[in-house]
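Novice: Dropping in coords24.txt, with compact mmCIF, C-alpha atoms and all ligand atoms.
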```txt
# COMPACT_ATOMS: atom_id res chain seq x y z
CA MET A 1 112.59 112.54 99.44
CA ALA A 2 112.29 113.71 103.00
CA LEU A 3 115.35 115.89 103.10
CA ALA A 4 115.53 116.94 99.49
CA ASN A 5 118.89 118.59 99.99
CA ASP A 6 120.62 115.63 101.54
CA ARG A 7 122.31 114.52 98.37
CA ASP A 8 124.92 112.54 100.18
CA ILE A 9 122.44 109.93 101.30
CA GLY A 10 123.16 106.57 99.69
CA SER A 11 120.92 106.32 96.71
CA GLY A 12 119.06 103.14 97.49
CA ARG A 13 117.99 103.94 100.98
CA TRP A 14 115.01 105.98 100.07
CA THR A 15 113.47 103.15 98.20
CA ALA A 16 113.21 100.98 101.25
CA TYR A 17 111.32 103.78 102.75
CA PHE A 18 108.97 104.31 99.90
CA GLU A 19 108.32 100.67 99.54
CA ARG A 20 107.41 100.11 103.17
CA ILE A 21 104.97 102.93 103.11
CA ASN A 22 103.58 102.36 99.71
CA GLY A 23 102.99 98.71 100.28
CA LYS A 24 103.99 98.37 96.67
CA ARG A 25 106.10 95.36 97.42
CA THR A 26 106.05 92.54 99.85
CA SER A 27 108.00 93.05 103.01
CA ASN A 28 111.37 92.19 101.59
CA SER A 29 113.02 95.36 102.61
CA ILE A 30 113.96 95.73 106.20
CA LEU A 31 116.46 97.54 108.27
CA GLN A 32 118.62 95.73 110.70
CA GLY A 33 119.47 97.47 113.93
CA ASN A 34 122.81 95.74 114.29
CA ASP A 35 123.92 97.14 110.96
CA LYS A 36 123.02 100.71 111.73
CA MET A 37 125.72 103.31 111.52
CA SER A 38 127.18 104.36 114.82
CA ILE A 39 127.22 107.98 115.87
CA ALA A 40 130.89 108.19 114.92
CA GLU A 41 130.20 107.14 111.33
CA THR A 42 127.71 109.87 110.52
CA SER A 43 128.62 113.50 110.87
CA LYS A 44 125.03 114.64 111.30
CA PRO A 45 122.97 114.54 114.49
CA LEU A 46 120.90 111.39 114.90
CA SER A 47 117.70 113.34 115.13
CA LYS A 48 116.25 116.78 115.51
CA THR A 49 113.28 117.94 117.58
CA GLU A 50 111.06 120.33 115.65
CA THR A 51 109.47 123.25 117.48
CA ALA A 52 107.69 124.75 114.45
CA CYS A 53 104.82 123.30 112.40
CA ARG A 54 106.02 121.49 109.28
CA ILE A 55 103.46 123.35 107.11
CA CYS A 56 102.77 126.81 108.52
CA MET A 57 105.93 127.21 110.63
CA GLY A 58 103.72 128.30 113.54
CA SER A 59 104.71 127.43 117.09
CA ASN A 60 101.27 126.44 118.42
CA LEU A 61 101.95 122.73 118.59
CA ASN A 62 99.72 120.90 121.06
CA PRO A 63 100.33 117.39 122.42
CA ILE A 64 97.98 114.58 121.36
CA LEU A 65 99.82 111.44 122.42
CA SER A 66 103.31 110.62 123.62
CA LEU A 67 104.44 107.11 122.76
CA GLY A 68 107.66 107.55 124.75
CA LYS A 69 111.15 106.89 123.42
CA THR A 70 110.89 104.02 120.97
CA PRO A 71 113.37 102.16 118.79
CA LEU A 72 112.95 102.60 115.02
CA ALA A 73 109.97 100.46 114.06
CA ASN A 74 111.66 98.73 111.12
CA SER A 75 115.03 98.15 112.77
CA LEU A 76 114.86 94.41 113.23
CA LEU A 77 117.81 92.90 115.10
CA LYS A 78 120.13 90.08 114.10
CA LYS A 79 120.78 88.87 117.60
CA GLU A 80 118.87 88.39 120.80
CA GLY A 81 119.68 89.86 124.17
CA PRO A 82 120.82 93.25 125.45
CA GLN A 83 122.40 95.53 122.84
CA ASP A 84 122.66 99.15 121.81
CA GLU A 85 119.54 100.35 120.08
CA ASN A 86 118.84 103.93 119.16
CA ARG A 87 115.64 105.19 120.75
CA PHE A 88 113.92 108.39 119.75
CA PRO A 89 110.98 110.32 121.22
CA LEU A 90 107.70 109.58 119.44
CA ASP A 91 105.44 112.49 120.27
CA LEU A 92 102.33 113.28 118.24
CA VAL A 93 101.15 116.90 118.20
CA PHE A 94 98.68 119.01 116.23
CA CYS A 95 99.06 122.58 115.03
CA SER A 96 96.14 124.71 116.17
CA ASP A 97 96.83 127.17 113.32
CA CYS A 98 96.71 124.87 110.26
CA SER A 99 95.53 121.56 111.86
CA LEU A 100 98.54 119.51 110.74
CA VAL A 101 99.08 116.43 112.90
CA GLN A 102 102.79 115.58 113.04
CA ILE A 103 105.51 114.00 115.12
CA THR A 104 108.11 116.35 116.53
CA GLU A 105 111.20 114.22 115.97
CA THR A 106 112.91 114.09 112.57
CA VAL A 107 115.30 111.15 112.58
CA ASN A 108 118.34 111.56 110.33
CA PRO A 109 117.53 109.55 107.18
CA GLU A 110 121.03 108.06 107.30
CA ILE A 111 119.95 106.32 110.47
CA LEU A 112 116.35 105.72 109.42
CA PHE A 113 117.13 104.18 106.06
CA SER A 114 120.56 102.71 106.57
CA ASP A 115 120.10 99.38 104.86
CA TYR A 116 117.81 97.92 102.25
CA VAL A 117 117.28 95.13 99.81
CA TYR A 118 115.36 95.65 96.63
CA PHE A 119 112.79 93.15 95.46
CA SER A 120 110.12 94.10 93.04
CA SER A 121 106.70 92.60 93.63
CA PHE A 122 103.78 94.94 93.35
CA ALA A 123 100.43 93.82 94.62
CA ASP A 124 97.99 93.09 91.79
CA THR A 125 95.51 95.51 93.32
CA THR A 126 98.09 98.33 93.24
CA LEU A 127 98.79 97.71 89.56
CA LYS A 128 95.12 97.46 88.62
CA SER A 129 94.32 100.65 90.47
CA ALA A 130 97.24 102.43 88.71
CA GLU A 131 96.09 101.17 85.30
CA SER A 132 92.51 102.34 85.67
CA LEU A 133 93.54 105.72 87.07
CA VAL A 134 95.88 106.30 84.10
CA ALA A 135 93.22 105.27 81.56
CA ARG A 136 90.81 107.71 83.16
CA LEU A 137 93.29 110.60 83.22
CA ILE A 138 94.36 110.09 79.61
CA LYS A 139 90.73 110.42 78.59
CA GLU A 140 89.75 113.25 80.92
CA ARG A 141 92.84 115.37 80.20
CA ASN A 142 93.08 114.53 76.48
CA LEU A 143 96.68 113.37 76.87
CA SER A 144 98.62 112.55 73.70
CA ASP A 145 102.18 111.96 72.50
CA SER A 146 102.88 115.66 73.08
CA SER A 147 101.89 115.40 76.78
CA LEU A 148 104.20 114.57 79.68
CA ALA A 149 103.18 112.37 82.64
CA ALA A 150 105.61 112.29 85.58
CA GLU A 151 105.84 110.67 88.99
CA ILE A 152 107.82 111.54 92.10
CA ALA A 153 109.17 108.34 93.68
CA SER A 154 108.32 106.56 90.46
CA ASN A 155 109.92 103.31 91.56
CA ASP A 156 110.34 100.81 88.71
CA GLY A 157 107.69 102.56 86.64
CA TYR A 158 104.75 100.51 87.99
CA LEU A 159 102.41 103.45 87.19
CA LEU A 160 104.11 105.33 84.35
CA GLN A 161 104.25 102.15 82.24
CA PHE A 162 100.51 102.50 81.59
CA TYR A 163 100.95 106.01 80.13
CA LEU A 164 103.82 104.78 77.98
CA LYS A 165 101.67 101.96 76.61
CA ASP A 166 99.17 104.55 75.39
CA GLY A 167 101.84 106.70 73.75
CA VAL A 168 102.07 109.44 76.39
CA ARG A 169 105.62 110.65 77.15
CA VAL A 170 106.77 109.82 80.68
CA LEU A 171 109.38 110.97 83.18
CA GLY A 172 110.10 109.12 86.40
CA ILE A 173 111.92 110.66 89.35
CA GLU A 174 113.41 107.93 91.50
CA PRO A 175 116.46 108.61 93.68
CA ALA A 176 117.47 104.96 94.00
CA GLN A 177 119.90 104.31 91.13
CA ASN A 178 119.32 100.56 90.92
CA ILE A 179 115.56 100.96 90.74
CA ALA A 180 115.82 103.75 88.19
CA THR A 181 117.85 101.30 86.09
CA VAL A 182 115.03 98.74 86.25
CA ALA A 183 112.58 101.44 85.10
CA ARG A 184 114.83 102.53 82.22
CA LYS A 185 115.03 98.96 80.99
CA LYS A 186 111.26 99.08 80.63
CA GLY A 187 111.68 102.19 78.48
CA ILE A 188 110.69 104.63 81.21
CA ASP A 189 112.86 107.74 81.14
CA THR A 190 113.92 108.13 84.78
CA ILE A 191 115.97 110.74 86.61
CA SER A 192 117.81 109.41 89.63
CA GLU A 193 117.65 112.43 91.91
CA PHE A 194 115.70 113.71 94.89
CA PHE A 195 112.75 115.85 93.92
CA GLY A 196 112.76 119.38 95.28
CA LEU A 197 112.73 122.97 94.08
CA GLU A 198 116.23 122.68 92.58
CA LEU A 199 115.41 119.72 90.32
CA ALA A 200 112.05 121.25 89.38
CA GLN A 201 113.77 124.44 88.21
CA LYS A 202 116.32 122.46 86.24
CA LEU A 203 113.52 120.57 84.45
CA ALA A 204 111.49 123.71 83.83
CA ASN A 205 114.55 125.44 82.33
CA ARG A 206 114.85 122.52 79.92
CA ASN A 207 111.20 123.08 79.06
CA GLN A 208 110.22 119.81 80.65
CA LYS A 209 106.95 120.51 82.41
CA ALA A 210 104.32 118.02 83.44
CA ASP A 211 100.73 117.74 82.24
CA VAL A 212 100.09 115.21 85.00
CA LEU A 213 102.32 114.81 88.06
CA HIS A 214 101.81 111.89 90.46
CA ALA A 215 103.13 111.50 94.02
CA ASN A 216 101.85 108.52 95.97
CA ASN A 217 102.54 108.17 99.68
CA VAL A 218 105.38 110.63 99.52
CA LEU A 219 104.22 113.67 101.49
CA ALA A 220 103.99 111.98 104.91
CA HIS A 221 107.73 111.33 104.77
CA VAL A 222 108.89 114.71 103.60
CA ALA A 223 110.65 116.89 106.14
CA GLU A 224 110.87 119.85 103.74
CA LEU A 225 107.20 119.89 102.72
CA ASN A 226 107.15 123.46 101.45
CA GLY A 227 110.21 122.96 99.24
CA VAL A 228 108.74 119.86 97.61
CA VAL A 229 105.33 121.47 97.01
CA GLU A 230 106.94 124.60 95.57
CA GLY A 231 108.93 122.29 93.29
CA MET A 232 105.68 120.65 92.16
CA SER A 233 104.30 124.05 91.24
CA VAL A 234 107.40 124.96 89.20
CA PHE A 235 107.41 121.60 87.40
CA LEU A 236 103.69 121.67 86.56
CA LYS A 237 102.30 123.25 83.38
CA ASP A 238 99.75 126.02 83.99
CA SER A 239 97.06 123.68 82.66
CA GLY A 240 98.51 120.64 84.49
CA LEU A 241 97.15 118.35 87.17
CA ILE A 242 98.82 116.96 90.30
CA VAL A 243 97.44 113.65 91.62
CA ILE A 244 98.48 112.76 95.15
CA GLU A 245 97.64 109.84 97.40
CA ALA A 246 98.23 110.17 101.13
CA PRO A 247 96.92 108.36 104.23
CA TYR A 248 93.96 110.24 105.76
CA LEU A 249 93.90 111.37 109.38
CA LYS A 250 90.18 110.85 110.01
CA PRO A 251 90.01 107.04 109.71
CA MET A 252 93.27 106.76 111.63
CA LEU A 253 91.68 108.61 114.54
CA GLU A 254 88.29 106.90 114.26
CA HIS A 255 89.73 103.38 114.08
CA THR A 256 92.36 103.92 116.79
CA GLU A 257 95.13 103.18 114.27
CA PHE A 258 97.73 104.78 116.54
CA ASP A 259 100.21 102.07 115.54
CA THR A 260 100.68 103.75 112.14
CA ILE A 261 102.65 106.36 114.09
CA TYR A 262 106.37 105.75 113.74
CA HIS A 263 109.41 107.83 112.91
CA GLU A 264 109.17 107.36 109.15
CA HIS A 265 105.72 108.97 109.16
CA LEU A 266 106.32 112.62 109.95
CA CYS A 267 102.82 113.92 109.07
CA TYR A 268 99.21 112.68 109.33
CA PHE A 269 97.04 114.79 107.05
CA SER A 270 93.57 116.21 107.32
CA LEU A 271 92.17 117.76 104.13
CA THR A 272 92.26 121.09 105.99
CA ALA A 273 96.03 120.84 106.49
CA LEU A 274 96.64 119.79 102.88
CA ASP A 275 94.44 122.61 101.60
CA LYS A 276 96.50 125.10 103.61
CA LEU A 277 99.78 123.59 102.37
CA PHE A 278 98.91 123.70 98.66
CA ARG A 279 97.15 127.08 98.81
CA SER A 280 100.29 128.67 100.22
CA HIS A 281 102.01 127.64 96.95
CA LYS A 282 99.10 128.80 94.74
CA LEU A 283 97.98 125.24 94.10
CA TYR A 284 94.36 124.25 94.74
CA ILE A 285 92.75 120.96 95.72
CA ASN A 286 89.85 120.86 93.27
CA ASP A 287 88.70 117.30 93.86
CA VAL A 288 89.19 114.51 96.37
CA GLU A 289 88.38 110.81 96.60
CA GLN A 290 88.59 108.50 99.59
CA LEU A 291 90.38 105.19 99.10
CA SER A 292 90.33 102.19 101.39
CA ILE A 293 94.06 101.38 101.15
CA HIS A 294 96.42 101.89 104.11
CA GLY A 295 93.51 102.03 106.55
CA GLY A 296 91.98 104.92 104.58
CA SER A 297 93.67 107.33 102.15
CA LEU A 298 92.91 110.47 100.19
CA ARG A 299 93.45 110.90 96.46
CA LEU A 300 93.76 114.59 95.69
CA PHE A 301 93.40 116.34 92.33
CA ILE A 302 95.28 119.63 92.40
CA GLU A 303 95.51 122.42 89.82
CA LYS A 304 96.71 126.01 89.48
CA LYS A 305 93.15 127.36 89.26
CA ASP A 306 90.96 127.62 92.35
CA GLN A 307 87.81 125.60 91.51
CA PRO A 308 87.02 123.24 94.40
CA SER A 309 84.30 120.64 93.82
CA ASN A 310 81.38 120.31 96.19
CA THR A 311 83.02 117.21 97.63
CA VAL A 312 86.07 119.24 98.63
CA LYS A 313 83.95 122.03 100.10
CA THR A 314 81.80 119.58 102.07
CA MET A 315 84.77 117.67 103.45
CA LEU A 316 86.47 120.89 104.56
CA GLU A 317 83.25 122.05 106.21
CA ASP A 318 82.84 118.68 107.96
CA GLU A 319 86.39 118.80 109.26
CA ALA A 320 85.88 122.33 110.56
CA LYS A 321 82.66 121.26 112.29
CA SER A 322 84.34 118.27 113.88
CA GLY A 323 87.04 120.60 115.23
CA VAL A 324 90.28 119.52 113.52
CA LYS A 325 92.02 122.53 115.00
CA THR A 326 90.84 121.88 118.56
CA ALA A 327 92.25 119.73 121.35
CA ALA A 328 88.85 118.09 121.97
CA TYR A 329 88.97 116.38 118.56
CA TYR A 330 92.22 114.60 119.43
CA GLU A 331 91.38 113.89 123.07
CA GLN A 332 88.87 111.20 122.08
CA PHE A 333 91.60 109.47 120.10
CA SER A 334 94.21 109.55 122.86
CA ASN A 335 91.60 108.37 125.39
CA LYS A 336 90.73 105.43 123.11
CA VAL A 337 94.41 104.51 122.84
CA GLN A 338 94.83 104.57 126.64
CA ARG A 339 91.69 102.47 127.06
CA LEU A 340 92.91 99.93 124.51
CA LYS A 341 96.26 99.71 126.29
CA THR A 342 94.56 98.92 129.61
CA GLU A 343 92.17 96.41 128.04
CA LEU A 344 94.81 94.50 126.10
CA LEU A 345 97.34 94.38 128.95
CA THR A 346 94.64 93.27 131.41
CA LEU A 347 93.58 90.48 129.03
CA LEU A 348 97.14 89.29 128.40
CA LYS A 349 98.07 89.33 132.10
CA ASP A 350 94.86 87.51 132.91
CA LEU A 351 95.62 84.79 130.34
CA LYS A 352 99.19 84.51 131.62
CA SER A 353 97.91 83.99 135.16
CA GLN A 354 95.88 81.06 133.78
CA ASN A 355 99.12 79.65 132.33
CA LYS A 356 98.02 80.28 128.75
CA SER A 357 100.73 80.73 126.12
CA ILE A 358 100.59 83.76 123.81
CA ALA A 359 102.30 84.60 120.50
CA ILE A 360 102.17 87.60 118.13
CA TYR A 361 101.29 87.60 114.42
CA GLY A 362 103.08 90.28 112.37
CA ALA A 363 106.62 91.65 112.77
CA SER A 364 105.50 94.90 111.14
CA ALA A 365 106.39 98.50 111.93
CA LYS A 366 102.85 98.86 113.27
CA GLY A 367 103.39 95.92 115.61
CA SER A 368 106.61 97.48 116.83
CA THR A 369 104.86 100.72 117.78
CA LEU A 370 102.11 98.87 119.64
CA MET A 371 104.36 96.43 121.50
CA ASN A 372 106.88 99.07 122.54
CA TYR A 373 104.27 101.57 123.68
CA PHE A 374 102.13 99.01 125.52
CA GLY A 375 105.19 97.33 127.03
CA ILE A 376 104.48 93.87 125.60
CA ASP A 377 107.60 91.80 126.23
CA LYS A 378 108.83 88.29 126.97
CA ASP A 379 106.94 88.20 130.27
CA LEU A 380 103.69 88.22 128.28
CA VAL A 381 104.41 86.69 124.88
CA ASP A 382 106.75 83.96 123.67
CA PHE A 383 107.49 84.70 120.02
CA VAL A 384 106.35 86.46 116.85
CA VAL A 385 105.43 84.88 113.51
CA ASP A 386 105.64 86.60 110.13
CA ARG A 387 105.29 85.37 106.54
CA SER A 388 108.25 87.38 105.29
CA THR A 389 111.18 85.01 104.95
CA VAL A 390 113.54 87.98 105.20
CA LYS A 391 112.27 88.76 108.70
CA GLN A 392 112.30 85.20 109.95
CA GLY A 393 115.32 84.48 112.17
CA LEU A 394 115.59 88.13 113.24
CA PHE A 395 114.34 89.79 116.45
CA THR A 396 111.84 92.57 117.01
CA PRO A 397 113.13 96.05 117.98
CA GLY A 398 112.95 96.98 121.65
CA ASN A 399 111.44 93.78 123.06
CA HIS A 400 113.73 91.34 121.18
CA LEU A 401 111.20 88.62 120.41
CA ALA A 402 112.24 85.90 117.96
CA ILE A 403 110.51 86.04 114.54
CA LEU A 404 109.46 82.60 113.29
CA PRO A 405 107.52 81.36 110.24
CA PRO A 406 103.71 81.15 110.72
CA GLU A 407 103.88 77.33 110.37
CA LYS A 408 105.33 77.32 113.89
CA LEU A 409 101.84 78.08 115.23
CA LEU A 410 100.78 74.50 114.42
CA GLU A 411 103.92 73.07 115.97
CA LEU A 412 104.25 75.18 119.13
CA LYS A 413 100.46 75.54 119.60
CA PRO A 414 100.22 78.78 121.56
CA ASP A 415 96.75 79.18 123.14
CA TYR A 416 96.37 82.74 121.82
CA VAL A 417 97.86 84.83 119.01
CA VAL A 418 97.67 88.63 119.08
CA LEU A 419 97.15 89.77 115.48
CA LEU A 420 98.96 93.07 114.92
CA THR A 421 98.67 93.32 111.14
CA TRP A 422 95.01 94.36 111.29
CA ASN A 423 95.08 95.49 107.64
CA PHE A 424 95.20 91.81 106.63
CA VAL A 425 92.92 90.38 109.32
CA ASP A 426 90.51 88.46 107.05
CA GLU A 427 93.29 87.04 104.93
CA ILE A 428 95.30 85.86 107.96
CA LEU A 429 92.33 84.32 109.75
CA GLU A 430 91.61 82.39 106.56
CA GLN A 431 95.24 81.28 106.20
CA GLN A 432 95.30 80.14 109.83
CA LYS A 433 92.25 77.93 109.57
CA ALA A 434 94.18 74.83 110.68
CA TYR A 435 95.50 76.55 113.81
CA ARG A 436 92.03 77.85 114.64
CA GLU A 437 90.40 74.45 114.08
CA MET A 438 92.92 73.09 116.56
CA GLY A 439 91.46 75.45 119.14
CA GLY A 440 93.88 78.34 118.70
CA LYS A 441 92.38 81.79 119.25
CA PHE A 442 93.23 85.18 117.76
CA ILE A 443 93.16 88.43 119.72
CA VAL A 444 92.60 91.39 117.37
CA PRO A 445 93.24 94.68 119.23
CA ILE A 446 92.51 97.24 116.49
CA PRO A 447 90.08 98.95 115.86
CA GLU A 448 88.49 97.39 118.96
CA LEU A 449 89.70 94.55 121.12
CA LYS A 450 88.08 91.25 120.18
CA VAL A 451 88.88 87.55 120.52
CA VAL A 452 88.04 85.28 117.56
ZN ZN B 1 100.62 124.59 111.22
```
For this file, write the structure as structure tokens.
Ligand SMILES: [Zn+2]

Specialist:
Amino acid sequence: MALANDRDIGSGRWTAYFERINGKRTSNSILQGNDKMSIAETSKPLSKTETACRICMGSNLNPILSLGKTPLANSLLKKEGPQDENRFPLDLVFCSDCSLVQITETVNPEILFSDYVYFSSFADTTLKSAESLVARLIKERNLSDSSLAAEIASNDGYLLQFYLKDGVRVLGIEPAQNIATVARKKGIDTISEFFGLELAQKLANRNQKADVLHANNVLAHVAELNGVVEGMSVFLKDSGLIVIEAPYLKPMLEHTEFDTIYHEHLCYFSLTALDKLFRSHKLYINDVEQLSIHGGSLRLFIEKKDQPSNTVKTMLEDEAKSGVKTAAYYEQFSNKVQRLKTELLTLLKDLKSQNKSIAIYGASAKGSTLMNYFGIDKDLVDFVVDRSTVKQGLFTPGNHLAILPPEKLLELKPDYVVLLTWNFVDEILEQQKAYREMGGKFIVPIPELKVV
């Protein structure tokens, strides 16, 4: 998706990327640093530093936070010890013209998504939420067998299947050939191409236009945002509706979720920035809902007529009042991140000086950002545990910690475990009852440092 014109990218790679972000599957798909292509194998530059805003093309990009040069957050390593790892700048900026928060480095997708394994296992909650959304839209939009529902990054048809069941025609757009095949077997007509203006025009010329067009957790990864949104406009019927889910900037800033910043996430959206983006393509955000998934997301309802609901108006006003286009708004966030860094490192060093042993829970991309930025290495922690059997036996990017199964906590009995997958905190604390009853303690750094 990100570089819609890069048709030479191996078909499956994008899926790994959608799946990690979407959380649609368990963490079976990982990249392995040792397998990455070398510079000689790819003709394109490894990365590119952007100097213009990804939405408005303006040059007023202001620094929020620099996380230094970090390895790719999902590039787990097969071996321990010193080795070549690509590192890229991870600098977060905001555009004072349109408010878009973005990173400046675009890593070549050939490097970013160089390896993947496909396993289908959608969370029940994802499927239930898709089913109820579809039922609602069929009713509200009077969809019938003459209507077309489509999805960009449609995966194995986890969402479109519910339209099909109710007799609505469907079209999936999923660049990964093998996943498109899985969808087709379920009867979901699927095109295996990248979505952009070119494909949209091709579909429109064939008179295939969408009544409802979905795109979930796609926009944050798109380098050519304007091309993709223009394509959406071309592919949408005049009376059609676009439904988009994207992580929301506000909770990320409020809850100090700086660890969601990594190279796969190019953009971090306020409603103000999204409004600007869609308006410039004559598309209008007419309604918005806030969802709790991914630390806080937006679900946008977009049409070709300009009729914003009161909710949209109020949210835009609130964002303007809070100063989404001003440095002050982002300063609080970067100050909180610096404070957290000092607090956590002080605590860990203090525990180390008392000869306490410390482990990490969660070999996630988030954990990689936090450990590499804070400089958490073997001097402070001994190992990492993760439930994903695919990750076990590998090593974390940058700091090269061994990834072990969570059962090792009972065997090796570290005094403290730093929990980096804060999105599953309750679930993990419950699962680790035995370790906690043994006296083991968890350190949860985000949103605020606490020991439980
Ligand atoms: Zn801008």

Novice: Just give me the gap between CA of Ala149 (chain A) and CA of His294 (chain A) in Å, one decimal is fine.

Specialist: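 Taking CA of Ala149 (chain A) and CA of His294 (chain A), their separation equals 24.8 Å.
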
Novice: Between CA of Thr272 (chain A) and CA of Leu316 (chain A), what is the spacing in Å?

Specialist: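 Answer for the CA of Leu316 (chain A) to CA of Thr272 (chain A) separation: 6.0 Å.
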
Novice: Ligand ZN 1 (chain B): which residues are within 8 Å, counting only C-alpha atoms and all ligand atoms? Reply as a PyMOL selection string.

Specialist: chain A and resi 52-61+94-100+273

Novice: Would you put the residues from that selection into a file with C-alpha atoms, as a PDB file, in the coordinates of the input?

Specialist:
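Written out: out20.pdb:
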```pdb
ATOM      1  CA  ALA A  52     107.690 124.750 114.450  1.00  0.00           C
ATOM      2  CA  CYS A  53     104.820 123.300 112.400  1.00  0.00           C
ATOM      3  CA  ARG A  54     106.020 121.490 109.280  1.00  0.00           C
ATOM      4  CA  ILE A  55     103.460 123.350 107.110  1.00  0.00           C
ATOM      5  CA  CYS A  56     102.770 126.810 108.520  1.00  0.00           C
ATOM      6  CA  MET A  57     105.930 127.210 110.630  1.00  0.00           C
ATOM      7  CA  GLY A  58     103.720 128.300 113.540  1.00  0.00           C
ATOM      8  CA  SER A  59     104.710 127.430 117.090  1.00  0.00           C
ATOM      9  CA  ASN A  60     101.270 126.440 118.420  1.00  0.00           C
ATOM     10  CA  LEU A  61     101.950 122.730 118.590  1.00  0.00           C
ATOM     11  CA  PHE A  94      98.680 119.010 116.230  1.00  0.00           C
ATOM     12  CA  CYS A  95      99.060 122.580 115.030  1.00  0.00           C
ATOM     13  CA  SER A  96      96.140 124.710 116.170  1.00  0.00           C
ATOM     14  CA  ASP A  97      96.830 127.170 113.320  1.00  0.00           C
ATOM     15  CA  CYS A  98      96.710 124.870 110.260  1.00  0.00           C
ATOM     16  CA  SER A  99      95.530 121.560 111.860  1.00  0.00           C
ATOM     17  CA  LEU A 100      98.540 119.510 110.740  1.00  0.00           C
ATOM     18  CA  ALA A 273      96.030 120.840 106.490  1.00  0.00           C
TER      19      ALA A 273
END
```

Novice: Identify the residues within 9 Å of coordinate (96.3, 82.3, 121.0) (same frame as the file), considering all atoms listed in the file, and give the answer as a ChimeraX atom specification.

Specialist: /A:356-360,413-418,436,439-443

Novice: Could you tell me how far CA of Ala402 (chain A) lies from CA of Gly375 (chain A), in Å and to one decimal?

Specialist: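 The value is 16.2 Å.
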
Novice: Which is closest to Asn62 (chain A) among A:Asp350, A:Asp275, A:Asp91, A:Glu131, if we use all atoms listed in the file?

Specialist: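 Smallest separation from Asn62 (chain A) among the options: A:Asp91.
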
Novice: I need the residue nearest Arg339 (chain A) from this list: A:Ile191, A:Met371, A:Ile446, A:Ile376. Use only C-alpha atoms for the distance.

Specialist: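 Closest to Arg339 (chain A) of all the choices is A:Ile446.
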
Novice: Which residue, A:Val228, A:Ile242, A:Ala220, A:Asn207, has the smallest gap to Phe194 (chain A) when you use all atoms listed in the file?

Specialist: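 Among the listed residues, the smallest separation from Phe194 (chain A) belongs to A:Val228.
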
Novice: Rank nothing, just name the residue among A:Leu394, A:Leu345, A:Val234, A:Leu420 nearest to Ser75 (chain A), using all atoms listed in the file.

Specialist: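 With all atoms listed in the file as the atom set, the closest residue is A:Leu394.
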
Novice: Do you know which residues are at most 12 Å from Leu370 (chain A) counting all atoms listed in the file, after dropping those on the same chain fewer than 6 positions away, and could you put them as a CSV table (one decimal) with C-alpha atoms, in the coordinates of the input?

Specialist:
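The resulting selection_10.csv:
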```csv
chain,number,residue,atom,x,y,z
A,67,LEU,CA,104.4,107.1,122.8
A,68,GLY,CA,107.7,107.6,124.8
A,70,THR,CA,110.9,104.0,121.0
A,71,PRO,CA,113.4,102.2,118.8
A,73,ALA,CA,110.0,100.5,114.1
A,256,THR,CA,92.4,103.9,116.8
A,257,GLU,CA,95.1,103.2,114.3
A,258,PHE,CA,97.7,104.8,116.5
A,259,ASP,CA,100.2,102.1,115.5
A,260,THR,CA,100.7,103.8,112.1
A,261,ILE,CA,102.6,106.4,114.1
A,262,TYR,CA,106.4,105.8,113.7
A,337,VAL,CA,94.4,104.5,122.8
A,338,GLN,CA,94.8,104.6,126.6
A,340,LEU,CA,92.9,99.9,124.5
A,341,LYS,CA,96.3,99.7,126.3
A,344,LEU,CA,94.8,94.5,126.1
A,345,LEU,CA,97.3,94.4,129.0
A,360,ILE,CA,102.2,87.6,118.1
A,362,GLY,CA,103.1,90.3,112.4
A,363,ALA,CA,106.6,91.6,112.8
A,364,SER,CA,105.5,94.9,111.1
A,376,ILE,CA,104.5,93.9,125.6
A,377,ASP,CA,107.6,91.8,126.2
A,396,THR,CA,111.8,92.6,117.0
A,397,PRO,CA,113.1,96.0,118.0
A,398,GLY,CA,113.0,97.0,121.6
A,399,ASN,CA,111.4,93.8,123.1
A,418,VAL,CA,97.7,88.6,119.1
A,419,LEU,CA,97.2,89.8,115.5
A,420,LEU,CA,99.0,93.1,114.9
A,421,THR,CA,98.7,93.3,111.1
A,422,TRP,CA,95.0,94.4,111.3
A,445,PRO,CA,93.2,94.7,119.2
A,446,ILE,CA,92.5,97.2,116.5
```

Novice: Under the rule that all atoms listed in the file are counted, which of A:Phe424, A:Leu143, A:Leu404, A:Ser309 is the nearest residue to Gly295 (chain A)?

Specialist: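 Going through A:Phe424, A:Leu143, A:Leu404, A:Ser309 one by one, the smallest distance to Gly295 (chain A) is for A:Phe424.
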
Novice: Would you list the residues near (113.5, 122.0, 88.5), meaning any protein, DNA or RNA residue with an atom at most 12 Å from that point in file coordinates, counting only C-alpha atoms, as a PyMOL selection string?

Specialist: chain A and resi 173+191+193-210+227-236

Novice: Check the smallest atom-to-atom distance from each of A:Tyr163, A:Tyr373, A:Tyr361, A:Phe301 to Ser144 (chain A) using all atoms listed in the file, then report the winner.

Specialist: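 Residue with the minimum atom-to-atom distance to Ser144 (chain A): A:Tyr163.
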
Novice: Please list as a list of chain:residue names every residue within 7 Å of Val170 (chain A), counting only C-alpha atoms and excluding residues in the same chain fewer than 6 positions away.

Specialist: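 After dropping sequence-adjacent residues, the list is A:Leu148, A:Ala149, A:Ala150, A:Leu160, A:Tyr163, A:Leu164, A:Ile188, A:Asp189.
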
Novice: Taking 3 positions as the minimum chain separation for residues in the same chain, which residues sit within 9 Å of Pro405 (chain A) when counting all atoms listed in the file? Answer as a list of chain:residue names.

Specialist: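 That gives A:Val384, A:Val385, A:Asp386, A:Arg387, A:Ser388, A:Thr389, A:Lys391, A:Gln392, A:Gly393, A:Lys408, A:Leu409.
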